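coords.cif (mmCIF, C-alpha atoms) appears below.
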data_start
loop_
_atom_site.label_atom_id
_atom_site.label_comp_id
_atom_site.auth_asym_id
_atom_site.auth_seq_id
_atom_site.Cartn_x
_atom_site.Cartn_y
_atom_site.Cartn_z
CA MET A 30 -25.77 45.78 -61.49
CA GLU A 31 -28.61 43.49 -62.37
CA LYS A 32 -31.68 43.86 -60.14
CA LEU A 33 -32.50 40.89 -57.88
CA SER A 34 -35.97 39.47 -58.35
CA PRO A 35 -38.32 39.43 -55.30
CA PHE A 36 -38.65 35.66 -55.71
CA PHE A 37 -34.88 35.22 -55.40
CA ILE A 38 -34.79 37.43 -52.25
CA LEU A 39 -37.67 35.45 -50.72
CA CYS A 40 -35.88 32.16 -51.36
CA CYS A 41 -32.71 33.51 -49.72
CA LEU A 42 -34.66 34.69 -46.68
CA LEU A 43 -36.35 31.31 -46.35
CA LEU A 44 -33.01 29.54 -46.54
CA LEU A 45 -31.50 31.85 -43.93
CA SER A 46 -34.41 31.38 -41.54
CA ALA A 47 -34.19 27.61 -41.96
CA CYS A 48 -30.52 27.65 -41.01
CA GLU A 49 -31.20 29.45 -37.73
CA GLN A 50 -31.94 27.16 -34.80
CA SER A 51 -35.39 27.80 -33.38
CA MET A 52 -37.90 26.04 -31.20
CA ILE A 53 -41.52 26.87 -31.86
CA LEU A 54 -43.75 24.40 -30.06
CA GLU A 55 -47.44 24.13 -29.40
CA THR A 56 -48.15 21.80 -26.53
CA GLU A 57 -51.30 19.73 -26.35
CA LEU A 58 -53.04 18.13 -23.43
CA ASP A 59 -53.22 14.35 -23.21
CA ILE A 60 -54.27 13.24 -19.73
CA PRO A 61 -56.72 10.53 -18.60
CA GLN A 62 -60.27 11.34 -17.58
CA PRO A 63 -60.21 11.83 -13.78
CA ILE A 64 -62.39 9.86 -11.40
CA ASP A 65 -65.29 12.06 -10.29
CA THR A 66 -65.14 13.36 -6.73
CA ILE A 67 -67.74 16.05 -6.98
CA LEU A 68 -68.10 18.69 -4.27
CA PRO A 69 -71.58 20.29 -4.23
CA LEU A 70 -70.32 23.78 -5.06
CA ASP A 71 -71.09 26.41 -7.69
CA VAL A 72 -67.68 27.55 -8.82
CA ALA A 73 -66.55 30.14 -11.33
CA ILE A 74 -63.17 30.21 -13.02
CA PHE A 75 -61.48 33.30 -14.29
CA TYR A 76 -58.67 32.87 -16.82
CA LYS A 77 -56.45 35.95 -16.92
CA LYS A 78 -55.27 37.09 -20.36
CA SER A 79 -51.69 36.37 -19.24
CA LEU A 80 -52.64 32.72 -18.73
CA ARG A 81 -54.73 32.33 -21.88
CA GLU A 82 -51.95 33.67 -24.06
CA TYR A 83 -48.95 32.35 -22.16
CA ILE A 84 -45.96 31.72 -24.39
CA TYR A 85 -42.67 30.66 -22.86
CA SER A 86 -39.94 32.44 -24.75
CA GLU A 87 -36.19 32.45 -24.44
CA ASN A 88 -33.41 33.57 -26.72
CA ASN A 89 -29.80 33.01 -25.78
CA ASP A 90 -26.76 31.11 -27.07
CA ASP A 91 -28.07 27.73 -25.85
CA ARG A 92 -31.76 28.25 -26.57
CA ARG A 93 -32.13 30.17 -29.80
CA ASN A 94 -35.58 31.62 -30.47
CA TRP A 95 -37.55 29.38 -28.18
CA ALA A 96 -41.30 30.01 -28.23
CA ILE A 97 -43.40 27.37 -26.51
CA THR A 98 -47.15 27.99 -26.52
CA ILE A 99 -48.46 26.96 -23.12
CA GLY A 100 -51.69 28.97 -22.62
CA PRO A 101 -54.31 26.92 -24.52
CA SER A 102 -53.18 23.71 -22.77
CA GLN A 103 -53.68 25.37 -19.39
CA ILE A 104 -57.29 26.19 -20.23
CA ALA A 105 -57.72 22.58 -21.43
CA ILE A 106 -56.38 21.27 -18.07
CA PHE A 107 -59.00 23.18 -16.08
CA ASP A 108 -61.75 22.40 -18.60
CA GLN A 109 -60.99 18.69 -18.15
CA VAL A 110 -60.49 18.47 -14.38
CA LEU A 111 -62.96 20.98 -12.91
CA PRO A 112 -66.15 19.16 -14.01
CA SER A 113 -64.88 16.11 -12.08
CA MET A 114 -64.46 18.27 -8.95
CA PHE A 115 -67.52 20.55 -8.66
CA SER A 116 -71.23 20.21 -9.34
CA ASN A 117 -71.35 23.42 -11.35
CA ILE A 118 -68.61 25.27 -13.21
CA GLU A 119 -68.81 28.51 -15.13
CA VAL A 120 -66.14 30.47 -16.93
CA ILE A 121 -66.34 34.22 -16.26
CA ASP A 122 -64.83 37.02 -18.33
CA ASN A 123 -64.20 39.42 -15.47
CA LEU A 124 -64.19 39.28 -11.71
CA ASP A 125 -66.76 42.11 -11.28
CA GLU A 126 -69.32 40.00 -13.11
CA ALA A 127 -69.08 37.34 -10.37
CA LYS A 128 -70.18 39.72 -7.60
CA TYR A 129 -73.78 39.57 -8.82
CA GLN A 130 -73.89 35.78 -9.04
CA ASN A 131 -74.23 33.25 -6.24
CA TYR A 132 -70.95 31.43 -6.71
CA ASN A 133 -69.51 29.61 -3.71
CA ALA A 134 -65.99 30.30 -4.90
CA ILE A 135 -63.95 31.74 -7.74
CA ILE A 136 -60.78 30.11 -8.97
CA VAL A 137 -58.06 32.29 -10.48
CA PRO A 138 -55.11 30.27 -11.79
CA GLU A 139 -51.81 31.91 -12.66
CA ILE A 140 -48.52 30.52 -13.97
CA LYS A 141 -45.68 31.67 -11.75
CA ASP A 142 -42.74 30.09 -13.52
CA ILE A 143 -41.79 27.50 -16.11
CA GLN A 144 -38.43 25.77 -16.41
CA PHE A 145 -37.03 23.28 -18.86
CA ALA A 146 -33.89 21.17 -18.55
CA LEU A 147 -32.22 19.47 -21.47
CA PRO A 148 -30.13 16.28 -21.33
CA TYR A 149 -26.83 18.01 -22.08
CA GLU A 150 -27.45 20.54 -19.29
CA THR A 151 -28.21 18.02 -16.57
CA LYS A 152 -25.94 15.18 -17.81
CA THR A 153 -28.95 12.87 -17.77
CA LYS A 154 -30.77 11.20 -20.63
CA VAL A 155 -34.07 12.95 -20.01
CA HIS A 156 -35.83 16.20 -20.84
CA GLU A 157 -37.53 17.79 -17.83
CA THR A 158 -40.27 20.39 -17.36
CA TRP A 159 -41.44 22.23 -14.23
CA ILE A 160 -44.58 24.38 -14.18
CA LYS A 161 -45.13 26.43 -11.05
CA TYR A 162 -48.65 27.62 -10.39
CA ILE A 163 -50.52 29.79 -7.92
CA ILE A 164 -54.22 29.01 -7.83
CA ARG A 165 -56.15 31.64 -5.93
CA ILE A 166 -59.42 30.62 -4.35
CA GLN A 167 -61.66 33.50 -3.37
CA GLY A 168 -65.25 34.18 -2.50
CA ALA A 169 -67.64 35.80 -5.02
CA ASP A 170 -67.24 39.08 -3.16
CA GLY A 171 -63.47 38.93 -3.58
CA GLU A 172 -62.81 37.63 -0.05
CA PHE A 173 -59.49 35.73 -0.04
CA ILE A 174 -59.78 32.03 0.92
CA THR A 175 -56.39 30.57 0.06
CA ASP A 176 -53.60 30.29 -2.50
CA LEU A 177 -52.60 26.83 -3.65
CA ASN A 178 -48.94 26.73 -4.68
CA LEU A 179 -48.50 23.74 -6.97
CA THR A 180 -45.66 22.51 -9.16
CA GLY A 181 -46.19 20.08 -12.01
CA TYR A 182 -43.13 18.06 -12.93
CA GLY A 183 -42.60 15.88 -15.96
CA LYS A 184 -39.79 14.13 -17.74
CA SER A 185 -39.30 12.09 -20.86
CA GLN A 186 -38.43 8.41 -20.47
CA PRO A 187 -34.76 7.68 -21.16
CA ASN A 188 -35.42 4.53 -23.16
CA THR A 189 -37.09 6.21 -26.12
CA SER A 190 -35.68 7.27 -29.45
CA ILE A 191 -34.73 10.55 -27.77
CA ASP A 192 -31.75 8.70 -26.39
CA PHE A 193 -30.20 8.43 -29.79
CA LEU A 194 -31.88 11.12 -31.77
CA LEU A 195 -31.81 13.80 -29.10
CA ASP A 196 -34.89 15.30 -30.68
CA GLU A 197 -35.42 18.40 -28.59
CA ARG A 198 -39.02 18.85 -29.68
CA GLU A 199 -40.15 15.30 -28.97
CA GLY A 200 -38.43 15.31 -25.57
CA LEU A 201 -39.97 18.63 -24.55
CA VAL A 202 -43.45 17.66 -25.74
CA ILE A 203 -43.31 14.47 -23.66
CA SER A 204 -41.90 16.13 -20.52
CA THR A 205 -44.32 19.08 -20.75
CA ASN A 206 -47.32 16.79 -21.13
CA GLU A 207 -46.13 14.76 -18.13
CA ALA A 208 -45.88 18.03 -16.17
CA TYR A 209 -49.49 18.88 -17.17
CA ARG A 210 -50.60 15.44 -16.00
CA ASP A 211 -48.83 15.86 -12.66
CA LEU A 212 -50.21 19.37 -12.22
CA ALA A 213 -53.80 18.31 -12.98
CA ALA A 214 -53.49 15.44 -10.48
CA LYS A 215 -52.21 17.83 -7.81
CA ILE A 216 -55.04 20.31 -8.45
CA ILE A 217 -57.66 17.60 -7.82
CA VAL A 218 -55.93 16.06 -4.79
CA SER A 219 -55.14 19.47 -3.23
CA PHE A 220 -58.81 20.44 -3.23
CA GLN A 221 -59.56 17.31 -1.23
CA SER A 222 -56.66 17.52 1.20
CA ASP A 223 -55.67 21.18 1.70
CA PRO A 224 -56.43 22.00 5.37
CA ILE A 225 -57.62 25.57 4.69
CA ILE A 226 -60.01 24.42 1.95
CA LYS A 227 -61.26 21.65 4.24
CA LYS A 228 -61.91 24.16 7.02
CA TRP A 229 -63.67 26.48 4.58
CA LEU A 230 -65.82 23.62 3.27
CA ASP A 231 -66.70 22.51 6.81
CA ALA A 232 -67.73 26.06 7.69
CA LYS A 233 -69.87 26.23 4.51
CA SER A 234 -71.69 23.01 5.25
CA LYS A 235 -72.72 24.14 8.77
CA MET B 8 -1.88 -12.32 -39.52
CA PHE B 9 -5.64 -12.83 -40.14
CA ILE B 10 -5.48 -16.40 -38.75
CA PHE B 11 -3.64 -15.14 -35.65
CA PHE B 12 -6.36 -12.55 -34.87
CA SER B 13 -9.15 -15.04 -35.61
CA ARG B 14 -7.66 -17.47 -33.09
CA ILE B 15 -7.36 -14.73 -30.46
CA LEU B 16 -11.00 -13.80 -31.07
CA ILE B 17 -12.22 -17.39 -30.76
CA ILE B 18 -10.18 -18.02 -27.59
CA THR B 19 -11.46 -14.75 -26.02
CA PHE B 20 -15.03 -15.70 -26.91
CA ILE B 21 -14.71 -19.14 -25.32
CA ILE B 22 -13.00 -17.80 -22.15
CA PHE B 23 -15.65 -15.11 -21.54
CA ASN B 24 -18.47 -17.51 -22.27
CA ILE B 25 -17.11 -19.83 -19.59
CA VAL B 26 -16.10 -17.35 -16.88
CA GLY B 27 -17.91 -14.15 -17.76
CA CYS B 28 -21.35 -12.62 -17.34
CA ASN B 29 -22.35 -14.56 -14.24
CA THR B 30 -24.96 -13.03 -12.01
CA VAL B 31 -25.60 -13.72 -8.35
CA THR B 32 -29.06 -13.19 -6.91
CA THR B 33 -29.96 -13.03 -3.22
CA ILE B 34 -33.61 -13.15 -2.20
CA ASP B 35 -34.94 -12.37 1.24
CA GLU B 36 -38.56 -12.82 2.25
CA HIS B 37 -40.68 -11.69 5.21
CA LYS B 38 -44.15 -13.08 5.45
CA PHE B 39 -46.44 -11.26 7.86
CA ALA B 40 -49.73 -12.95 7.03
CA THR B 41 -50.18 -16.68 7.49
CA ASN B 42 -52.08 -17.00 4.22
CA ILE B 43 -51.52 -14.90 1.15
CA GLN B 44 -54.19 -16.43 -1.01
CA LEU B 45 -55.75 -15.32 -4.23
CA ASP B 46 -58.83 -17.00 -5.65
CA ASP B 47 -59.33 -17.50 -9.39
CA LYS B 48 -61.46 -14.40 -9.87
CA GLU B 49 -59.28 -12.04 -7.85
CA SER B 50 -56.47 -9.90 -9.25
CA ILE B 51 -53.28 -8.25 -8.21
CA VAL B 52 -51.71 -5.06 -9.44
CA LEU B 53 -47.98 -4.33 -9.52
CA LEU B 54 -46.96 -0.71 -9.16
CA GLY B 55 -43.52 0.90 -9.24
CA ARG B 56 -42.56 3.62 -6.77
CA ARG B 57 -41.49 6.76 -8.62
CA HIS B 58 -41.75 9.54 -6.07
CA LEU B 59 -37.96 9.93 -5.74
CA ASN B 60 -36.68 11.35 -8.97
CA GLN B 61 -33.21 9.76 -8.97
CA HIS B 62 -34.37 6.35 -7.69
CA GLU B 63 -37.39 5.56 -9.82
CA THR B 64 -38.39 1.97 -10.39
CA GLU B 65 -38.12 1.22 -14.10
CA LEU B 66 -41.37 0.69 -16.03
CA ASP B 67 -39.86 -2.27 -17.87
CA TYR B 68 -38.89 -4.02 -14.61
CA VAL B 69 -42.46 -3.79 -13.26
CA SER B 70 -43.86 -4.98 -16.58
CA CYS B 71 -41.33 -7.88 -16.67
CA VAL B 72 -42.37 -9.09 -13.19
CA GLY B 73 -46.05 -8.70 -14.15
CA LYS B 74 -45.55 -10.71 -17.33
CA GLN B 75 -43.73 -13.51 -15.47
CA LEU B 76 -46.52 -13.70 -12.88
CA SER B 77 -49.24 -13.94 -15.50
CA ILE B 78 -47.76 -16.93 -17.36
CA GLY B 79 -46.83 -20.53 -16.59
CA LYS B 80 -47.65 -22.73 -13.61
CA GLY B 81 -49.53 -20.95 -10.82
CA LYS B 82 -50.22 -17.91 -13.00
CA LEU B 83 -52.00 -14.94 -11.44
CA ASN B 84 -54.44 -12.32 -12.78
CA VAL B 85 -52.24 -9.26 -13.12
CA ILE B 86 -53.63 -5.85 -14.09
CA PRO B 87 -51.17 -3.95 -16.33
CA GLU B 88 -49.62 -1.05 -14.43
CA GLN B 89 -50.26 1.81 -16.89
CA GLN B 90 -53.84 0.72 -17.54
CA PHE B 91 -54.50 0.74 -13.78
CA ILE B 92 -52.81 4.13 -13.17
CA ASP B 93 -54.73 5.76 -16.04
CA SER B 94 -58.07 4.37 -14.93
CA MET B 95 -57.49 5.47 -11.31
CA TYR B 96 -56.32 8.97 -12.30
CA PRO B 97 -55.32 11.08 -10.33
CA TYR B 98 -54.87 8.87 -7.24
CA PHE B 99 -51.97 6.60 -8.26
CA GLU B 100 -49.65 9.11 -9.94
CA ALA B 101 -46.01 9.25 -8.80
CA SER B 102 -46.75 12.30 -6.63
CA THR B 103 -50.17 11.30 -5.31
CA ALA B 104 -50.01 7.52 -4.78
CA PRO B 105 -50.69 6.29 -1.23
CA MET B 106 -47.42 5.70 0.64
CA ASN B 107 -48.85 3.42 3.32
CA VAL B 108 -51.82 1.16 3.97
CA LYS B 109 -53.56 3.79 6.13
CA LYS B 110 -53.66 6.15 3.15
CA ILE B 111 -55.32 3.51 0.98
CA ASP B 112 -57.96 3.06 3.68
CA LYS B 113 -58.72 6.77 3.35
CA LEU B 114 -58.76 6.56 -0.43
CA ILE B 115 -61.28 3.74 -0.60
CA GLN B 116 -63.72 5.84 1.38
CA ASN B 117 -64.20 7.72 -1.87
CA PRO B 118 -67.12 5.70 -3.38
CA ASN B 119 -66.00 6.18 -6.98
CA VAL B 120 -62.48 4.93 -6.20
CA SER B 121 -63.86 2.02 -4.24
CA LYS B 122 -66.22 1.13 -7.13
CA LYS B 123 -63.31 1.06 -9.61
CA LEU B 124 -61.19 -1.13 -7.34
CA ALA B 125 -64.13 -3.47 -6.86
CA ALA B 126 -64.59 -3.72 -10.64
CA TYR B 127 -60.96 -4.87 -10.95
CA ASN B 128 -61.52 -7.30 -8.05
CA ILE B 129 -58.10 -6.48 -6.61
CA HIS B 130 -57.01 -8.37 -3.50
CA TYR B 131 -53.35 -7.39 -3.38
CA PHE B 132 -51.30 -4.36 -4.31
CA ILE B 133 -47.63 -5.11 -4.88
CA TRP B 134 -45.45 -2.01 -4.63
CA ILE B 135 -42.00 -2.39 -6.12
CA GLN B 136 -39.23 -0.03 -5.17
CA GLY B 137 -35.66 -0.10 -6.45
CA ASN B 138 -33.63 0.05 -9.63
CA THR B 139 -30.63 -1.27 -11.55
CA LYS B 140 -27.42 0.74 -11.56
CA THR B 141 -23.87 0.42 -12.79
CA ILE B 142 -21.75 0.49 -9.64
CA GLU B 143 -18.27 0.05 -11.06
CA LYS B 144 -16.56 0.57 -14.41
CA SER B 145 -13.01 -0.06 -15.52
CA GLY B 146 -10.89 -0.51 -18.65
CA ALA B 147 -10.92 1.32 -21.95
CA ILE B 148 -11.37 0.63 -25.63
CA SER B 149 -9.94 2.71 -28.41
CA CYS B 150 -11.05 2.49 -32.00
CA VAL B 151 -9.17 3.76 -35.00
CA GLY B 152 -10.91 4.18 -38.33
CA GLY B 153 -14.35 3.08 -37.22
CA PRO B 154 -15.52 0.05 -35.20
CA ALA B 155 -13.55 -2.45 -37.29
CA GLY B 156 -10.26 -1.36 -35.77
CA CYS B 157 -10.79 -1.51 -32.00
CA PHE B 158 -8.51 -2.72 -29.29
CA GLY B 159 -8.87 -2.83 -25.51
CA PHE B 160 -10.95 -4.25 -22.71
CA ALA B 161 -13.78 -2.75 -20.64
CA THR B 162 -15.72 -4.22 -17.78
CA TRP B 163 -18.54 -2.96 -15.58
CA GLU B 164 -20.56 -4.26 -12.69
CA ASP B 165 -24.33 -3.77 -12.45
CA GLU B 166 -26.40 -4.09 -9.31
CA ALA B 167 -30.18 -4.53 -9.18
CA ILE B 168 -31.84 -4.01 -5.80
CA TYR B 169 -35.62 -4.26 -5.54
CA GLU B 170 -38.10 -4.59 -2.70
CA ALA B 171 -41.71 -5.66 -3.17
CA LYS B 172 -44.30 -4.92 -0.48
CA ILE B 173 -47.57 -6.81 -0.61
CA TRP B 174 -50.58 -4.86 0.63
CA ASP B 175 -53.76 -6.75 1.37
CA LEU B 176 -56.58 -4.52 0.18
CA LYS B 177 -59.31 -6.60 1.81
CA ASN B 178 -57.74 -6.63 5.29
CA LEU B 179 -55.87 -3.31 4.89
CA SER B 180 -52.57 -4.69 6.11
CA ILE B 181 -49.09 -5.58 4.86
CA SER B 182 -48.96 -9.28 4.05
CA GLY B 183 -45.33 -9.70 3.08
CA LYS B 184 -42.11 -8.26 1.74
CA ILE B 185 -39.59 -9.60 -0.74
CA TYR B 186 -36.11 -8.18 -1.18
CA THR B 187 -33.92 -9.12 -4.11
CA LYS B 188 -30.35 -8.15 -4.90
CA THR B 189 -28.60 -9.23 -8.11
CA GLN B 190 -25.06 -8.41 -9.14
CA GLY B 191 -23.33 -9.22 -12.37
CA THR B 192 -20.27 -8.24 -14.36
CA SER B 193 -20.32 -7.53 -18.08
CA PHE B 194 -17.26 -7.57 -20.35
CA LEU B 195 -16.43 -5.88 -23.60
CA PRO B 196 -13.20 -7.24 -25.08
CA ALA B 197 -12.12 -5.72 -28.38
CA VAL B 198 -9.63 -7.30 -30.72
CA ILE B 199 -10.42 -5.70 -34.07
CA LEU B 200 -14.14 -6.01 -33.29
CA PRO B 201 -15.71 -5.23 -29.87
CA ILE B 202 -17.78 -8.23 -28.68
CA PRO B 203 -20.03 -7.57 -25.66
CA PHE B 204 -20.68 -10.25 -23.01
CA LEU B 205 -23.58 -8.80 -21.08
CA ALA B 206 -24.74 -9.96 -17.67
CA ARG B 207 -28.55 -10.21 -17.44
CA VAL B 208 -28.74 -8.39 -14.11
CA GLN B 209 -32.17 -6.76 -14.37
CA SER B 210 -33.84 -9.73 -16.03
CA ASP B 211 -32.38 -12.15 -13.45
CA ALA B 212 -33.69 -9.86 -10.69
CA CYS B 213 -37.08 -9.92 -12.46
CA ASP B 214 -37.12 -13.75 -12.69
CA GLY B 215 -36.09 -14.08 -9.03
CA MET B 216 -38.72 -11.63 -7.80
CA ALA B 217 -41.50 -13.20 -9.90
CA ALA B 218 -40.65 -16.76 -8.82
CA GLN B 219 -40.68 -15.73 -5.16
CA LEU B 220 -43.95 -13.84 -5.49
CA LYS B 221 -45.57 -16.85 -7.16
CA GLN B 222 -44.42 -19.04 -4.30
CA LEU B 223 -45.72 -16.58 -1.71
CA ILE B 224 -49.13 -15.88 -3.26
CA ASN B 225 -51.08 -19.02 -3.92
#
Kindly transcribe the structure held in the file into structure tokens.
Amino acid sequence: MEKLSPFFILCCLLLLSACEQSMILETELDIPQPIDTILPLDVAIFYKKSLREYIYSENNDDRRNWAITIGPSQIAIFDQVLPSMFSNIEVIDNLDEAKYQNYNAIIVPEIKDIQFALPYETKTKVHETWIKYIIRIQGADGEFITDLNLTGYGKSQPNTSIDFLLDEREGLVISTNEAYRDLAAKIIVSFQSDPIIKKWLDAKSK
Amino acid sequence: MFIFFSRILIITFIIFNIVGCNTVTTIDEHKFATNIQLDDKESIVLLGRRHLNQHETELDYVSCVGKQLSIGKGKLNVIPEQQFIDSMYPYFEASTAPMNVKKIDKLIQNPNVSKKLAAYNIHYFIWIQGNTKTIEKSGAISCVGGPAGCFGFATWEDEAIYEAKIWDLKNLSISGKIYTKTQGTSFLPAVILPIPFLARVQSDACDGMAAQLKQLIN
């Protein structure tokens, strides 16, 4: 039998991989610049490795080889909104480091869950995304202040080309970015309206 | 045979043009303030309510009413919805927008929000809630060998219900409300070729709402 050349094998592998359905997406952040409502606080933020490198993955009959990179967009959300909320923001690499600094609070965000819904699953014409977050607020010494449970929701508009094309990628990019926008808005508004944070701020200002 | 079908097509076209696609619009108005006046330098902003997922006000309806208000006799200064929402981020998103006048009072205590609103010189917020839905469908069309071989008849009824609430930003009160309901039936007869006769339900609701708002705000 004649030996197959490596080039021929590589071409076959490429063709096979192209035939398999897969969804590899990198989401990007596109939200407006928030209106400044700056609280006079020195705040540190700690991004866990699980958040920084968060990739939503799924592999089943309906969603073959899904890998949606979420992590970098989460860092971008906080990088964009926190300067509009606090007078000083610093990113820390570990929580122990914060004990020796005079931060008023430390923020530790964590993704709890992500869900996607596709038009054929919900019998609607839209793609939908939910991102569930827990944002822990604690003192520099580790003292627990509160957990903010927030869900960002986004959907694609039905009157786009998605209607006809059913382009999964385009629909998911739009709905995920809308979810980021909603989440970022809720982070800002929650800091101004959450009763426990208000009480904590009042106690600090006395 | 061809002449026979052509005649049927022409007769169907004439009949549906005469009897079909009519819309009926009902407008109801409640004026709370004696004067809803806007001077030349002041603006209004129209915003759709989108906090209920299944009952969101369509972006194109809000933009249609805005466009109608900003042209013709008695035109008003209208700030485009998306431009306003983006510039006021994050306070007018679907999940964070003020649901009543009291909440807007609280919001304008934020000096940066108040400064932005002052730069727009907004006197009135107009919140639009409602949508257009198909409420009834009947008939069927079957096509054999592509669209050039269809036969049948389908009809559907659309209903557009919208309510506009006018908030006076300067006096922090509700100045008026307008309710509009439009119904219309569309037809799709198919004799060889399907020919749609569409009722302009949403655009009639838009025209009705805009005309009433123009009359109310002067």
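Minimum atom-to-atom distances from A:Pro63, A:Gly200, A:Pro112, A:Pro138 to chain B were compared using only C-alpha atoms, and the lowest value belongs to A:Pro63.
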request  = Run the PyMOL selection byres ((chain A and resi 80-93) around 9) on the file and write out the hits as number ranges by chain.
outcome  = A: 49-52, 76-79, 94-104, 138-140, 143
Taking all atoms listed in the file into account, what are the residues of chain A at most 10 Å from chain B, put as a JSON list (two decimals) with C-alpha atoms, keeping the file's coordinate frame?
[["chain", "number", "residue", "atom", "x", "y", "z"],
["A", 60, "ILE", "CA", -54.27, 13.24, -19.73],
["A", 61, "PRO", "CA", -56.72, 10.53, -18.60],
["A", 62, "GLN", "CA", -60.27, 11.34, -17.58],
["A", 63, "PRO", "CA", -60.21, 11.83, -13.78],
["A", 64, "ILE", "CA", -62.39, 9.86, -11.40],
["A", 65, "ASP", "CA", -65.29, 12.06, -10.29],
["A", 66, "THR", "CA", -65.14, 13.36, -6.73],
["A", 110, "VAL", "CA", -60.49, 18.47, -14.38],
["A", 181, "GLY", "CA", -46.19, 20.08, -12.01],
["A", 182, "TYR", "CA", -43.13, 18.06, -12.93],
["A", 184, "LYS", "CA", -39.79, 14.13, -17.74],
["A", 186, "GLN", "CA", -38.43, 8.41, -20.47],
["A", 188, "ASN", "CA", -35.42, 4.53, -23.16],
["A", 210, "ARG", "CA", -50.60, 15.44, -16.00],
["A", 211, "ASP", "CA", -48.83, 15.86, -12.66],
["A", 212, "LEU", "CA", -50.21, 19.37, -12.22],
["A", 213, "ALA", "CA", -53.80, 18.31, -12.98],
["A", 214, "ALA", "CA", -53.49, 15.44, -10.48],
["A", 215, "LYS", "CA", -52.21, 17.83, -7.81],
["A", 216, "ILE", "CA", -55.04, 20.31, -8.45],
["A", 217, "ILE", "CA", -57.66, 17.60, -7.82],
["A", 218, "VAL", "CA", -55.93, 16.06, -4.79],
["A", 219, "SER", "CA", -55.14, 19.47, -3.23]]
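Closest to Ile78 (chain B) among B:Thr187, B:Ile51, B:Lys221, B:Cys213 is B:Lys221, based on only C-alpha atoms.
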Can I get the residues of region 77-196 of chain A within 12 Å of region 220-228 of chain A, each with the closest pair of atoms and their distance in Å to one decimal, using only C-alpha atoms, sorted chain first then ascending number, as CSV?
residue,atom,partner,partner_atom,distance
A:Val110,CA,A:Phe220,CA,11.4
A:Leu111,CA,A:Phe220,CA,10.5
A:Ser113,CA,A:Phe220,CA,11.6
A:Met114,CA,A:Phe220,CA,8.3
A:Phe115,CA,A:Phe220,CA,10.3
A:Ala134,CA,A:Ile226,CA,10.8
A:Ile136,CA,A:Phe220,CA,11.4
A:Ile164,CA,A:Phe220,CA,10.8
A:Arg165,CA,A:Ile226,CA,11.4
A:Ile166,CA,A:Ile226,CA,8.9
A:Gln167,CA,A:Ile226,CA,10.7
A:Gly168,CA,A:Ile226,CA,11.9
A:Phe173,CA,A:Ile225,CA,11.4
A:Ile174,CA,A:Ile226,CA,7.7
A:Thr175,CA,A:Ile225,CA,6.9
A:Asp176,CA,A:Ile225,CA,9.5
A:Leu177,CA,A:Asp223,CA,8.4
A:Asn178,CA,A:Asp223,CA,10.8
A:Leu179,CA,A:Phe220,CA,11.5
For the provided coordinates, the residues matched by the PyMOL selection byres ((chain A and resi 127) around 12) should be stated as a short mmCIF file (atom, residue, chain, number, x, y, z; two decimals) with C-alpha atoms, keeping the file's coordinate frame.
data_model
loop_
_atom_site.label_atom_id
_atom_site.label_comp_id
_atom_site.auth_asym_id
_atom_site.auth_seq_id
_atom_site.Cartn_x
_atom_site.Cartn_y
_atom_site.Cartn_z
CA ASP A 71 -71.09 26.41 -7.69
CA VAL A 72 -67.68 27.55 -8.82
CA ALA A 73 -66.55 30.14 -11.33
CA ILE A 74 -63.17 30.21 -13.02
CA PHE A 75 -61.48 33.30 -14.29
CA GLU A 119 -68.81 28.51 -15.13
CA VAL A 120 -66.14 30.47 -16.93
CA ILE A 121 -66.34 34.22 -16.26
CA ASP A 122 -64.83 37.02 -18.33
CA ASN A 123 -64.20 39.42 -15.47
CA LEU A 124 -64.19 39.28 -11.71
CA ASP A 125 -66.76 42.11 -11.28
CA GLU A 126 -69.32 40.00 -13.11
CA LYS A 128 -70.18 39.72 -7.60
CA TYR A 129 -73.78 39.57 -8.82
CA GLN A 130 -73.89 35.78 -9.04
CA ASN A 131 -74.23 33.25 -6.24
CA TYR A 132 -70.95 31.43 -6.71
CA ASN A 133 -69.51 29.61 -3.71
CA ALA A 134 -65.99 30.30 -4.90
CA ILE A 135 -63.95 31.74 -7.74
CA ILE A 136 -60.78 30.11 -8.97
CA GLN A 167 -61.66 33.50 -3.37
CA GLY A 168 -65.25 34.18 -2.50
CA ALA A 169 -67.64 35.80 -5.02
CA ASP A 170 -67.24 39.08 -3.16
CA GLY A 171 -63.47 38.93 -3.58
#
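The nearest approach to Lys233 (chain A) among the residues A:Trp159, A:Ser185, A:Leu54, A:Leu70, with all atoms listed in the file taken into account, belongs to A:Leu70.
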